[in-house]
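S.K.: So here's coords_21.txt (compact mmCIF, C-alpha atoms).
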```txt
# COMPACT_ATOMS: atom_id res chain seq x y z
CA MET A 1 0.00 0.00 0.00
CA ALA A 2 2.75 2.40 0.95
CA GLU A 3 4.77 1.70 -2.16
CA ALA A 4 1.81 2.13 -4.43
CA ALA A 5 1.02 5.54 -3.01
CA GLN A 6 4.54 6.75 -3.48
CA GLU A 7 4.67 5.79 -7.11
CA LYS A 8 1.58 7.86 -7.71
CA ASN A 9 3.12 11.03 -6.28
CA PRO A 10 3.59 13.47 -9.15
CA SER A 11 6.11 15.74 -7.53
CA LEU A 12 7.23 15.81 -3.95
CA ALA A 13 7.99 19.51 -3.95
CA GLU A 14 4.46 20.22 -5.11
CA GLN A 15 2.91 17.96 -2.58
CA TRP A 16 4.80 19.18 0.43
CA SER A 17 4.81 22.87 -0.30
CA LEU A 18 2.82 25.14 1.94
CA GLN A 19 1.19 27.67 -0.32
CA ASP A 20 0.46 30.93 1.40
CA LYS A 21 1.32 29.80 4.89
CA GLU A 22 5.01 29.66 4.14
CA ASP A 23 5.59 33.29 3.22
CA LYS A 24 3.39 34.34 6.11
CA SER A 25 5.72 32.68 8.57
CA ALA A 26 8.74 34.05 6.73
CA GLN A 27 7.42 37.55 7.17
CA SER A 28 6.76 37.12 10.82
CA GLU A 29 10.06 35.42 11.49
CA VAL A 30 12.05 38.63 11.74
CA PRO A 31 10.25 40.29 14.66
CA VAL A 32 9.95 37.00 16.51
CA GLU A 33 13.62 36.33 16.27
CA LYS A 34 14.33 39.75 17.65
CA THR A 35 12.12 39.37 20.65
CA THR A 36 13.28 35.95 21.68
CA GLY A 37 16.90 36.81 21.05
CA ASP A 38 16.75 39.88 23.26
CA GLU A 39 15.14 38.14 26.15
CA LYS A 40 17.16 37.75 29.28
CA PRO A 41 17.71 34.38 30.92
CA ALA A 42 15.54 33.27 33.79
CA ASP A 43 17.62 34.89 36.48
CA ALA A 44 17.39 38.38 34.99
CA THR A 45 15.68 40.85 37.25
CA ALA A 46 11.96 41.32 36.86
CA GLU A 47 12.44 44.98 36.00
CA GLU A 48 14.40 44.12 32.93
CA VAL A 49 11.82 41.64 31.84
CA VAL A 50 9.13 44.23 32.12
CA SER A 51 11.00 47.12 30.54
CA GLU A 52 11.97 45.35 27.37
CA LYS A 53 8.46 44.17 26.80
CA THR A 54 7.26 47.61 25.82
CA GLY A 55 9.19 47.50 22.56
CA GLU A 56 8.01 44.07 21.61
CA THR A 57 5.79 43.35 18.69
CA PRO A 58 3.02 40.81 18.99
CA VAL A 59 3.96 37.28 18.05
CA VAL A 60 2.79 35.42 14.97
CA ASP A 61 -0.67 36.54 14.16
CA ASP A 62 -2.26 33.46 12.73
CA ALA A 63 -5.77 34.81 12.68
CA ASN A 64 -5.23 36.04 9.13
CA PRO A 65 -4.91 32.64 7.45
CA VAL A 66 -8.30 31.73 8.88
CA ALA A 67 -9.84 34.82 7.39
CA GLU A 68 -8.18 34.14 4.06
CA GLU A 69 -9.46 30.62 3.95
CA ASN A 70 -12.94 31.77 4.71
CA SER A 71 -12.87 34.34 1.93
CA LYS A 72 -11.74 31.72 -0.56
CA THR A 73 -14.68 29.43 0.05
CA PRO A 74 -17.95 29.81 -1.87
CA GLU A 75 -20.64 32.09 -0.53
CA GLN A 76 -22.66 29.35 0.99
CA GLU A 77 -19.85 28.30 3.25
CA GLU A 78 -19.05 31.86 4.06
CA THR A 79 -22.49 32.48 5.47
CA GLU A 80 -22.17 29.30 7.45
CA SER A 81 -18.91 30.37 8.97
CA GLN A 82 -20.37 33.78 9.74
CA GLU A 83 -23.19 32.14 11.59
CA ALA A 84 -20.70 30.05 13.49
CA ALA A 85 -18.73 33.15 14.32
CA GLU A 86 -21.82 34.81 15.70
CA GLU A 87 -22.59 32.14 18.20
CA THR A 88 -19.00 31.26 19.10
CA PRO A 89 -16.07 33.56 19.71
CA ALA A 90 -13.35 33.17 17.09
CA ILE A 91 -10.32 31.22 18.21
CA LYS A 92 -7.04 33.00 17.79
CA LEU A 93 -4.35 30.57 16.74
CA GLU A 94 -1.46 31.66 18.85
CA THR A 95 0.85 29.90 21.24
CA ALA A 96 4.18 30.26 22.97
CA PRO A 97 6.82 30.88 20.30
CA ALA A 98 9.87 28.72 19.81
CA ASP A 99 12.40 29.95 22.34
CA PHE A 100 16.08 29.93 21.53
CA ARG A 101 16.95 29.33 25.16
CA PHE A 102 15.26 25.96 24.91
CA PRO A 103 16.04 24.46 21.53
CA THR A 104 15.98 20.85 22.70
CA THR A 105 13.27 18.24 22.96
CA ASN A 106 13.24 18.66 26.71
CA GLN A 107 10.90 21.56 27.40
CA THR A 108 10.60 21.11 31.16
CA ARG A 109 12.61 24.24 31.94
CA HIS A 110 10.87 26.22 29.23
CA CYS A 111 7.59 25.74 31.04
CA PHE A 112 9.15 26.41 34.45
CA THR A 113 10.93 29.56 33.25
CA ARG A 114 7.76 30.98 31.73
CA TYR A 115 5.92 30.32 34.98
CA ILE A 116 8.57 32.15 36.96
CA GLU A 117 8.69 34.99 34.44
CA TYR A 118 4.99 35.53 34.87
CA HIS A 119 5.16 35.63 38.64
CA LYS A 120 8.17 37.94 38.62
CA CYS A 121 6.27 40.19 36.26
CA THR A 122 3.20 40.33 38.48
CA ALA A 123 5.38 40.97 41.51
CA VAL A 124 6.65 44.15 39.87
CA LYS A 125 3.68 45.32 37.83
CA GLY A 126 0.96 44.21 40.22
CA GLU A 127 -1.57 41.44 39.99
CA GLY A 128 -3.39 41.22 36.68
CA ALA A 129 -1.15 43.65 34.82
CA PRO A 130 -1.86 43.44 31.08
CA GLU A 131 1.84 43.20 30.25
CA CYS A 132 2.15 39.95 32.16
CA GLU A 133 -0.72 38.22 30.41
CA LYS A 134 1.64 37.21 27.63
CA PHE A 135 3.73 35.13 30.02
CA ALA A 136 0.63 33.60 31.55
CA LYS A 137 -0.50 32.46 28.12
CA TYR A 138 2.92 30.98 27.45
CA TYR A 139 3.16 28.96 30.62
CA ARG A 140 -0.41 27.74 30.30
CA SER A 141 0.40 26.52 26.82
CA LEU A 142 3.59 24.80 27.86
CA CYS A 143 2.95 23.37 31.31
CA PRO A 144 0.73 20.40 32.06
CA SER A 145 -2.13 21.69 34.20
CA GLU A 146 -1.19 19.27 36.94
CA TRP A 147 2.16 20.98 37.34
CA ILE A 148 0.58 24.43 37.42
CA GLU A 149 -1.83 23.28 40.13
CA ARG A 150 1.01 21.88 42.20
CA TRP A 151 3.14 24.99 41.83
CA ASN A 152 0.23 27.29 42.68
CA GLU A 153 -0.31 25.25 45.82
CA GLN A 154 3.38 25.43 46.68
CA ARG A 155 3.40 29.19 46.21
CA GLU A 156 0.48 29.54 48.58
CA ASN A 157 2.25 27.44 51.19
CA GLY A 158 5.52 29.24 50.61
CA THR A 159 7.33 26.08 49.56
CA PHE A 160 7.82 26.92 45.89
CA PRO A 161 11.40 25.92 44.98
CA GLY A 162 12.01 28.47 42.22
CA PRO A 163 13.31 32.05 42.45
CA LEU A 164 10.30 34.34 42.62
CA MET B 1 -5.06 -21.54 1.32
CA ILE B 2 -3.80 -19.03 -1.22
CA GLU B 3 -7.23 -17.46 -1.38
CA VAL B 4 -7.27 -17.04 2.37
CA PHE B 5 -3.88 -15.42 2.22
CA LEU B 6 -4.87 -13.04 -0.57
CA GLU B 7 -8.01 -12.08 1.24
CA TRP B 8 -5.99 -11.46 4.34
CA ARG B 9 -3.40 -9.44 2.55
CA PHE B 10 -5.43 -7.29 0.20
CA LEU B 11 -9.08 -7.36 1.06
CA THR B 12 -8.96 -6.20 4.62
CA ILE B 13 -11.20 -3.26 5.37
CA ALA B 14 -8.60 -1.21 7.12
CA PRO B 15 -8.38 2.49 7.80
CA CYS B 16 -5.90 4.14 5.49
CA ASP B 17 -3.47 5.41 8.07
CA ALA B 18 -3.35 2.45 10.41
CA ALA B 19 -1.20 -0.64 10.49
CA GLU B 20 -2.55 -3.43 8.31
CA PRO B 21 -2.02 -7.20 8.50
CA TRP B 22 1.23 -8.41 6.95
CA GLN B 23 2.42 -4.92 6.32
CA LEU B 24 6.07 -4.80 5.31
CA GLY B 25 6.58 -1.18 4.36
CA SER B 26 5.96 2.06 6.19
CA GLN B 27 2.58 3.64 6.42
CA ASP B 28 1.81 6.44 3.98
CA ALA B 29 3.52 9.64 4.97
CA ALA B 30 1.40 12.44 6.36
CA THR B 31 4.19 14.81 7.32
CA PRO B 32 7.37 15.95 5.55
CA ILE B 33 9.38 14.22 8.29
CA MET B 34 7.80 10.86 7.57
CA GLN B 35 8.43 11.37 3.85
CA GLY B 36 12.06 12.01 4.77
CA ILE B 37 12.20 8.84 6.84
CA ILE B 38 10.83 6.75 3.98
CA ASP B 39 13.24 8.32 1.52
CA LEU B 40 16.18 7.69 3.84
CA HIS B 41 15.10 4.09 4.20
CA HIS B 42 15.16 3.71 0.41
CA ASP B 43 18.55 5.44 0.18
CA ILE B 44 20.08 3.10 2.71
CA PHE B 45 18.51 0.11 1.02
CA PHE B 46 20.47 0.95 -2.12
CA PHE B 47 23.76 0.48 -0.25
CA LEU B 48 22.38 -2.51 1.60
CA ILE B 49 21.65 -4.36 -1.63
CA LEU B 50 25.00 -3.36 -3.12
CA ILE B 51 26.88 -4.83 -0.15
CA PHE B 52 24.63 -7.86 0.03
CA VAL B 53 25.24 -8.76 -3.62
CA PHE B 54 28.99 -8.26 -3.34
CA VAL B 55 29.44 -10.25 -0.13
CA SER B 56 27.21 -13.10 -1.22
CA ARG B 57 29.01 -13.30 -4.55
CA MET B 58 32.34 -13.86 -2.77
CA LEU B 59 30.80 -16.35 -0.38
CA VAL B 60 28.99 -18.39 -3.04
CA ARG B 61 32.02 -18.35 -5.32
CA ALA B 62 34.26 -19.73 -2.58
CA LEU B 63 31.75 -22.47 -1.83
CA TRP B 64 31.28 -23.22 -5.51
CA HIS B 65 34.97 -23.70 -6.30
CA PHE B 66 35.75 -25.74 -3.21
CA HIS B 67 36.51 -29.40 -3.87
CA GLU B 68 37.88 -31.86 -1.33
CA GLN B 69 40.59 -33.31 -3.59
CA LYS B 70 40.91 -31.03 -6.59
CA ASN B 71 40.67 -27.64 -4.89
CA PRO B 72 40.95 -27.89 -1.09
CA ILE B 73 41.92 -24.17 -0.71
CA PRO B 74 39.53 -22.10 -2.80
CA GLN B 75 41.22 -18.75 -2.08
CA ARG B 76 44.98 -18.52 -2.63
CA ILE B 77 45.67 -14.81 -2.15
CA VAL B 78 47.26 -14.32 1.30
CA HIS B 79 48.72 -10.86 0.77
CA GLY B 80 48.12 -7.98 -1.63
CA THR B 81 48.65 -4.30 -0.88
CA THR B 82 46.19 -2.97 -3.44
CA ILE B 83 43.30 -5.13 -2.39
CA GLU B 84 43.92 -4.41 1.27
CA ILE B 85 43.85 -0.66 0.68
CA ILE B 86 40.64 -0.97 -1.31
CA ARG B 87 38.87 -3.14 1.19
CA THR B 88 39.79 -0.80 4.03
CA ILE B 89 38.94 2.50 2.43
CA PHE B 90 35.81 1.49 0.57
CA PRO B 91 33.84 0.20 3.56
CA SER B 92 34.68 3.36 5.47
CA ILE B 93 33.33 5.56 2.69
CA ILE B 94 30.00 3.75 2.50
CA PRO B 95 28.93 4.65 6.07
CA MET B 96 29.64 8.27 5.20
CA PHE B 97 27.19 8.14 2.34
CA ILE B 98 24.65 6.71 4.76
CA ALA B 99 25.51 9.11 7.58
CA ILE B 100 25.14 12.39 5.70
CA PRO B 101 21.43 12.11 4.82
CA SER B 102 20.78 10.36 8.11
CA PHE B 103 22.15 13.20 10.23
CA ALA B 104 20.46 15.79 8.05
CA LEU B 105 17.14 14.13 8.72
CA LEU B 106 17.85 13.59 12.39
CA TYR B 107 18.58 17.24 13.06
CA SER B 108 15.71 18.47 10.94
CA MET B 109 13.37 16.41 13.12
CA ASP B 110 14.77 18.04 16.22
CA GLU B 111 14.71 21.58 15.02
CA VAL B 112 11.75 23.84 15.49
CA VAL B 113 12.18 26.15 12.52
CA VAL B 114 9.03 28.23 12.68
CA ASP B 115 6.94 29.22 15.64
CA PRO B 116 4.16 26.73 16.14
CA ALA B 117 0.58 27.91 15.90
CA ILE B 118 -0.88 25.47 18.38
CA THR B 119 0.40 23.65 21.42
CA ILE B 120 -1.31 20.41 22.35
CA LYS B 121 -0.37 18.60 25.52
CA ALA B 122 -0.63 14.84 25.48
CA ILE B 123 -0.63 13.61 29.04
CA GLY B 124 -0.33 9.88 29.50
CA HIS B 125 -2.03 8.06 32.33
CA GLN B 126 -1.75 4.35 32.76
CA TRP B 127 -5.31 3.59 31.63
CA TYR B 128 -6.09 6.58 29.45
CA ARG B 129 -4.60 9.63 27.89
CA SER B 130 -5.73 13.15 28.39
CA TYR B 131 -5.20 15.99 25.98
CA GLU B 132 -5.07 19.65 26.89
CA TYR B 133 -5.60 22.54 24.53
CA SER B 134 -4.51 25.41 26.72
CA ASP B 135 -3.71 28.13 24.19
CA TYR B 136 -7.09 29.76 24.67
CA ASN B 137 -7.21 29.82 28.46
CA SER B 138 -7.53 32.96 30.43
CA SER B 139 -7.05 31.41 33.86
CA ASP B 140 -5.26 28.42 35.37
CA GLU B 141 -8.47 26.53 36.09
CA GLN B 142 -10.36 26.60 32.82
CA SER B 143 -8.84 24.51 30.09
CA LEU B 144 -10.06 22.47 27.16
CA THR B 145 -9.19 19.02 28.44
CA PHE B 146 -10.57 15.64 27.52
CA ASP B 147 -9.73 12.02 28.22
CA SER B 148 -9.18 9.51 25.47
CA TYR B 149 -9.90 5.88 26.29
CA THR B 150 -9.24 2.89 24.08
CA ILE B 151 -12.47 1.21 22.92
CA PRO B 152 -12.35 -2.15 24.74
CA GLU B 153 -11.91 -5.38 22.84
CA ASP B 154 -15.52 -6.50 23.26
CA ASP B 155 -17.40 -3.48 21.96
CA PRO B 156 -15.98 -1.89 18.85
CA GLU B 157 -18.57 -0.68 16.36
CA LEU B 158 -18.69 -1.99 12.82
CA GLY B 159 -15.69 -0.73 10.89
CA GLN B 160 -13.60 0.08 13.90
CA SER B 161 -10.28 -1.64 14.33
CA ARG B 162 -9.78 -3.86 17.33
CA LEU B 163 -7.97 -2.01 20.12
CA LEU B 164 -7.08 0.75 17.72
CA GLU B 165 -9.93 3.15 18.25
CA VAL B 166 -10.53 5.66 21.01
CA ASP B 167 -13.64 7.39 22.26
CA ASN B 168 -12.23 10.92 21.91
CA ARG B 169 -9.80 11.58 19.10
CA VAL B 170 -7.22 14.33 19.14
CA VAL B 171 -8.40 16.93 16.69
CA VAL B 172 -5.62 18.89 15.02
CA PRO B 173 -5.70 21.27 12.07
CA ALA B 174 -3.98 20.16 8.88
CA LYS B 175 -1.26 22.25 7.24
CA THR B 176 -0.45 23.99 10.52
CA HIS B 177 2.68 23.81 12.62
CA LEU B 178 1.84 21.99 15.83
CA ARG B 179 3.81 21.58 19.00
CA MET B 180 3.07 18.43 20.95
CA ILE B 181 4.08 18.52 24.59
CA VAL B 182 4.32 14.95 25.80
CA THR B 183 4.41 14.08 29.47
CA PRO B 184 2.89 11.37 31.66
CA ALA B 185 1.22 11.67 35.02
CA ASP B 186 2.11 8.24 36.39
CA VAL B 187 3.89 5.58 34.32
CA PRO B 188 6.20 6.22 31.36
CA HIS B 189 4.45 6.50 28.02
CA SER B 190 5.37 7.09 24.45
CA TRP B 191 3.35 9.09 21.99
CA ALA B 192 3.85 7.55 18.56
CA VAL B 193 2.02 8.06 15.29
CA PRO B 194 3.75 6.18 12.46
CA SER B 195 2.33 8.10 9.51
CA SER B 196 3.39 11.36 11.11
CA GLY B 197 6.87 10.05 11.77
CA VAL B 198 6.55 10.91 15.43
CA LYS B 199 7.62 8.89 18.41
CA CYS B 200 8.17 10.80 21.59
CA ASP B 201 8.81 9.21 24.94
CA ALA B 202 6.97 10.57 27.93
CA VAL B 203 9.04 10.52 31.09
CA PRO B 204 7.51 11.40 34.47
CA GLY B 205 8.58 14.84 35.67
CA ARG B 206 9.76 15.93 32.28
CA SER B 207 7.95 17.38 29.30
CA ASN B 208 9.15 16.61 25.83
CA GLN B 209 8.24 18.49 22.72
CA THR B 210 7.89 17.31 19.20
CA SER B 211 6.59 19.23 16.25
CA ILE B 212 4.40 17.97 13.48
CA LEU B 213 2.97 19.43 10.33
CA VAL B 214 0.19 17.23 9.05
CA GLN B 215 -0.07 17.75 5.31
CA ARG B 216 -3.40 16.13 4.59
CA GLU B 217 -6.67 15.67 6.39
CA GLY B 218 -7.29 12.21 7.73
CA VAL B 219 -7.43 9.93 10.72
CA TYR B 220 -4.07 8.64 11.87
CA TYR B 221 -3.68 5.68 14.16
CA GLY B 222 -0.75 5.13 16.46
CA GLN B 223 0.17 3.04 19.42
CA CYS B 224 2.05 3.67 22.61
CA SER B 225 5.55 2.27 22.56
CA GLU B 226 6.06 1.97 26.29
CA ILE B 227 3.64 -0.56 27.63
CA ARG B 228 3.84 -0.20 31.39
CA GLY B 229 1.42 -2.20 33.48
CA THR B 230 -1.74 -4.16 32.78
CA ASN B 231 -4.33 -2.57 30.51
CA HIS B 232 -1.94 0.19 29.62
CA ALA B 233 -3.71 2.63 27.34
CA PHE B 234 -1.80 2.39 24.11
CA THR B 235 -4.07 3.71 21.43
CA ILE B 236 -3.53 7.10 19.86
CA VAL B 237 -5.85 8.48 17.22
CA VAL B 238 -5.18 11.82 15.60
CA GLU B 239 -7.80 13.39 13.41
CA ALA B 240 -6.57 16.11 11.11
CA VAL B 241 -9.26 18.53 9.95
CA PRO B 242 -9.16 21.73 7.88
CA LEU B 243 -8.12 24.78 9.85
CA LYS B 244 -11.54 26.47 9.89
CA ASP B 245 -13.24 23.28 11.08
CA TYR B 246 -10.68 23.07 13.84
CA GLY B 247 -11.52 26.59 14.96
CA SER B 248 -15.23 25.90 15.18
CA ARG B 249 -14.73 22.54 16.89
CA VAL B 250 -12.46 23.95 19.51
CA SER B 251 -14.62 26.97 20.23
CA ASN B 252 -17.74 24.79 20.49
CA GLN B 253 -16.06 22.41 22.91
CA PHE B 254 -14.57 25.27 24.83
CA ILE B 255 -17.97 26.79 25.42
CA LEU B 256 -19.41 23.44 26.44
CA GLN B 257 -16.68 22.92 28.98
CA THR B 258 -16.44 26.36 30.46
CA ASN B 259 -20.16 26.99 30.87
```
Taking this structure as input, can you express it in the form of structure tokens?
M.R.:
Amino acid sequence: MAEAAQEKNPSLAEQWSLQDKEDKSAQSEVPVEKTTGDEKPADATAEEVVSEKTGETPVVDDANPVAEENSKTPEQEETESQEAAEETPAIKLETAPADFRFPTTNQTRHCFTRYIEYHKCTAVKGEGAPECEKFAKYYRSLCPSEWIERWNEQRENGTFPGPL
Amino acid sequence: MIEVFLEWRFLTIAPCDAAEPWQLGSQDAATPIMQGIIDLHHDIFFFLILIFVFVSRMLVRALWHFHEQKNPIPQRIVHGTTIEIIRTIFPSIIPMFIAIPSFALLYSMDEVVVDPAITIKAIGHQWYRSYEYSDYNSSDEQSLTFDSYTIPEDDPELGQSRLLEVDNRVVVPAKTHLRMIVTPADVPHSWAVPSSGVKCDAVPGRSNQTSILVQREGVYYGQCSEIRGTNHAFTIVVEAVPLKDYGSRVSNQFILQTN
């Protein structure tokens, strides 16, 4: 079965190419690289973390491809999707970016660092500061919820092992 | 007998991206990485056959020319500088030809080139798996989480594969860069989907990431590769849907769960 399917393939380059998605990511690569490259390691002071954030551009905005795809479809589908959008809030495709501090398969510290970054940020900027929401989104994306629960508990008891 | 075999081999009603009986090759590739793995396999097979033919020719020839009285020593060369140089250098060049594409593929699997659009957490438990879609959360408590149990052996529906189907599939968008975070809650697991070319071990206390880019919509079946304990949940089913369907499915589920 596998062999048969491969013989049928007309051109691999054609099949594996990402049409409009590819140049989208190429465009957004530049600002992302800048932001992640500038970021200080985990032990940097919270002030630094906060101050550099002001200059940052938002990460990959993947809401556009959705809109493009919708516009491509025939009218009938478009009305359908509009109806769906009315009753449900649109999902923004966005997650923690690839971080050059953690290029390996092991992402345990990536999650931990983002958690600490968020709590350092709130310690300086105050609870619920809009600047810190970014870090909260990142650690929620990266950490298993069980870990977050455990760490939250540890912070309440004052037994959290990390530098806060 | 032959009929039974043919029926077994070709006429099975099997899902396209699952293992089939008597399968010898890989499953059809769904990601560029898997295509790379299949291509590398074919590349290496070229050298494998070359060496196999050469070695078996020497072996068969020596056996063929041996005769107890007439030709008791079939090979009379005991020393020769040229042949020794050739047979030392040549076998060391062949592994290089194998190593170059192999390493290129290995590192390309590891590397996260573009920022992923979605992070999905696959959390292994001994008797089930749970999946978390936490990109859309606004607090620590609310999260789109569901458990995925293997359909037991005694009640699959018609058309479902035995012990290869789950009650809740992982829904992912096609043609989108995904980050899978793989970690277990109790025993070690392994999240493996053959047609995506992904096999990622889940080690307690550690979270591993692997990235996939599913190129076509479909249902992909995989199995856990670390079977720890009785009734270990080993079935993985990934359903790739178009991006806009993914959006509506996630938002619908999200509303169901949070309200």
S.K.: Go through chain A and flag each residue having an atom no more than 6 Å from chain B; for those, report the closest pair of atoms plus their distance in Å to one decimal, using only C-alpha atoms, ordered by chain and rising number, as a Markdown table.
M.R.:
```
| residue | atom | partner | partner_atom | distance |
| --- | --- | --- | --- | --- |
| A:Ala2 | CA | B:Asp28 | CA | 5.1 |
| A:Ile91 | CA | B:Gly247 | CA | 5.8 |
| A:Leu93 | CA | B:Ala117 | CA | 5.7 |
| A:Glu94 | CA | B:Ala117 | CA | 5.2 |
| A:Thr95 | CA | B:Ile118 | CA | 5.5 |
| A:Pro97 | CA | B:Asp115 | CA | 4.9 |
| A:Ala98 | CA | B:Asp115 | CA | 5.1 |
| A:Thr105 | CA | B:Gln209 | CA | 5.0 |
| A:Asn106 | CA | B:Asn208 | CA | 4.7 |
| A:Gln107 | CA | B:Ser207 | CA | 5.5 |
| A:Thr108 | CA | B:Ser207 | CA | 4.9 |
| A:Arg140 | CA | B:Ser134 | CA | 5.9 |
| A:Ser141 | CA | B:Ser134 | CA | 5.0 |
```
S.K.: Using Å and a single decimal, report how far atom CA of B:Val203 sits from atom CA of B:Asp186.
M.R.: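 Result for atom CA of B:Asp186 versus atom CA of B:Val203: 9.0 Å, one decimal.
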S.K.: If I take atom CA of B:Ile37 and atom CA of B:Ile89, how far is one from the other in Å, to one decimal?
M.R.: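 These atoms are spaced 27.8 Å apart.
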S.K.: Kindly indicate which residue among B:Trp191, B:Leu106, B:Tyr128, B:Asn231 lies nearest to B:Asp167, using only C-alpha atoms for the distances.
M.R.: B:Tyr128
S.K.: Using only C-alpha atoms, which residue out of B:His42, B:Arg169, B:Arg57, B:His79 lies closest to B:Glu239?
M.R.: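 When distances to B:Glu239 are compared using only C-alpha atoms, the smallest one comes from B:Arg169.
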S.K.: Between atom CA of A:Ala136 and atom CA of A:Glu117, what distance in Å does the model show, to one decimal?
M.R.: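 Computed distance, atom CA of A:Ala136 to atom CA of A:Glu117, equals 8.7 Å.
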S.K.: Using only C-alpha atoms, which residue out of B:Ile86, B:Ala240, B:Trp127, B:Ser108 lies closest to B:Arg228?
M.R.: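 Using only C-alpha atoms, the shortest distance to B:Arg228 belongs to B:Trp127.
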S.K.: Please identify all polymer residues within 10 Å of stretch 44-48 of chain B, counting all atoms listed in the file, omitting same-chain residues fewer than 5 positions from it, and present them as a PyMOL selection string.
M.R.: chain B and resi 39+53+94-95+97-99+101-102
S.K.: Could those selected residues go to a file with C-alpha atoms, as an mmCIF file, in the coordinates of the input?
M.R.:
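Resulting contents of selection36.cif:
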```cif
data_model
loop_
_atom_site.group_PDB
_atom_site.id
_atom_site.type_symbol
_atom_site.label_atom_id
_atom_site.label_comp_id
_atom_site.auth_asym_id
_atom_site.auth_seq_id
_atom_site.Cartn_x
_atom_site.Cartn_y
_atom_site.Cartn_z
ATOM 1 C CA ASP B 39 13.240 8.320 1.520
ATOM 2 C CA VAL B 53 25.240 -8.760 -3.620
ATOM 3 C CA ILE B 94 30.000 3.750 2.500
ATOM 4 C CA PRO B 95 28.930 4.650 6.070
ATOM 5 C CA PHE B 97 27.190 8.140 2.340
ATOM 6 C CA ILE B 98 24.650 6.710 4.760
ATOM 7 C CA ALA B 99 25.510 9.110 7.580
ATOM 8 C CA PRO B 101 21.430 12.110 4.820
ATOM 9 C CA SER B 102 20.780 10.360 8.110
#
```
S.K.: Might you pull out every residue within 10 Å of A:Glu133, with only C-alpha atoms counted and same-chain residues fewer than 4 positions away left off, and present them as a ChimeraX atom specification?
M.R.: /A:118,121-122,128-129,137-138 /B:138-139
S.K.: Between B:Val78, B:Pro72, B:Ala104, B:Val193, which one has atoms that come closest to B:Leu40, using all atoms listed in the file?
M.R.: B:Ala104
S.K.: Regenerate stretch 140-144 of chain B at the level of all heavy atoms and dump it as a CSV table (one decimal), in the coordinates of the input.
M.R.:
```
chain,number,residue,atom,x,y,z
B,140,ASP,N,-5.9,29.7,35.2
B,140,ASP,CA,-5.3,28.4,35.4
B,140,ASP,C,-6.3,27.3,35.4
B,140,ASP,O,-6.0,26.2,35.1
B,140,ASP,CB,-4.4,28.4,36.7
B,140,ASP,CG,-3.2,29.2,36.5
B,140,ASP,OD1,-2.9,29.6,35.3
B,140,ASP,OD2,-2.4,29.4,37.5
B,141,GLU,N,-7.5,27.6,35.9
B,141,GLU,CA,-8.5,26.5,36.1
B,141,GLU,C,-9.1,26.1,34.8
B,141,GLU,O,-9.2,24.9,34.5
B,141,GLU,CB,-9.6,27.0,37.1
B,141,GLU,CG,-9.1,27.0,38.5
B,141,GLU,CD,-8.2,28.1,38.8
B,141,GLU,OE1,-8.3,29.2,38.2
B,141,GLU,OE2,-7.2,27.9,39.7
B,142,GLN,N,-9.6,27.0,34.0
B,142,GLN,CA,-10.4,26.6,32.8
B,142,GLN,C,-9.4,26.1,31.7
B,142,GLN,O,-8.3,26.7,31.5
B,142,GLN,CB,-11.3,27.7,32.3
B,142,GLN,CG,-10.5,29.0,32.0
B,142,GLN,CD,-11.2,29.8,31.0
B,142,GLN,OE1,-10.5,30.4,30.1
B,142,GLN,NE2,-12.5,29.9,31.0
B,143,SER,N,-9.7,25.0,31.1
B,143,SER,CA,-8.8,24.5,30.1
B,143,SER,C,-9.6,23.5,29.3
B,143,SER,O,-10.5,22.8,29.8
B,143,SER,CB,-7.6,23.8,30.7
B,143,SER,OG,-7.0,23.0,29.8
B,144,LEU,N,-9.4,23.5,28.0
B,144,LEU,CA,-10.1,22.5,27.2
B,144,LEU,C,-9.3,21.1,27.3
B,144,LEU,O,-8.3,21.0,26.7
B,144,LEU,CB,-10.1,22.9,25.7
B,144,LEU,CG,-10.6,22.0,24.7
B,144,LEU,CD1,-12.0,21.4,25.1
B,144,LEU,CD2,-10.8,22.7,23.4
```
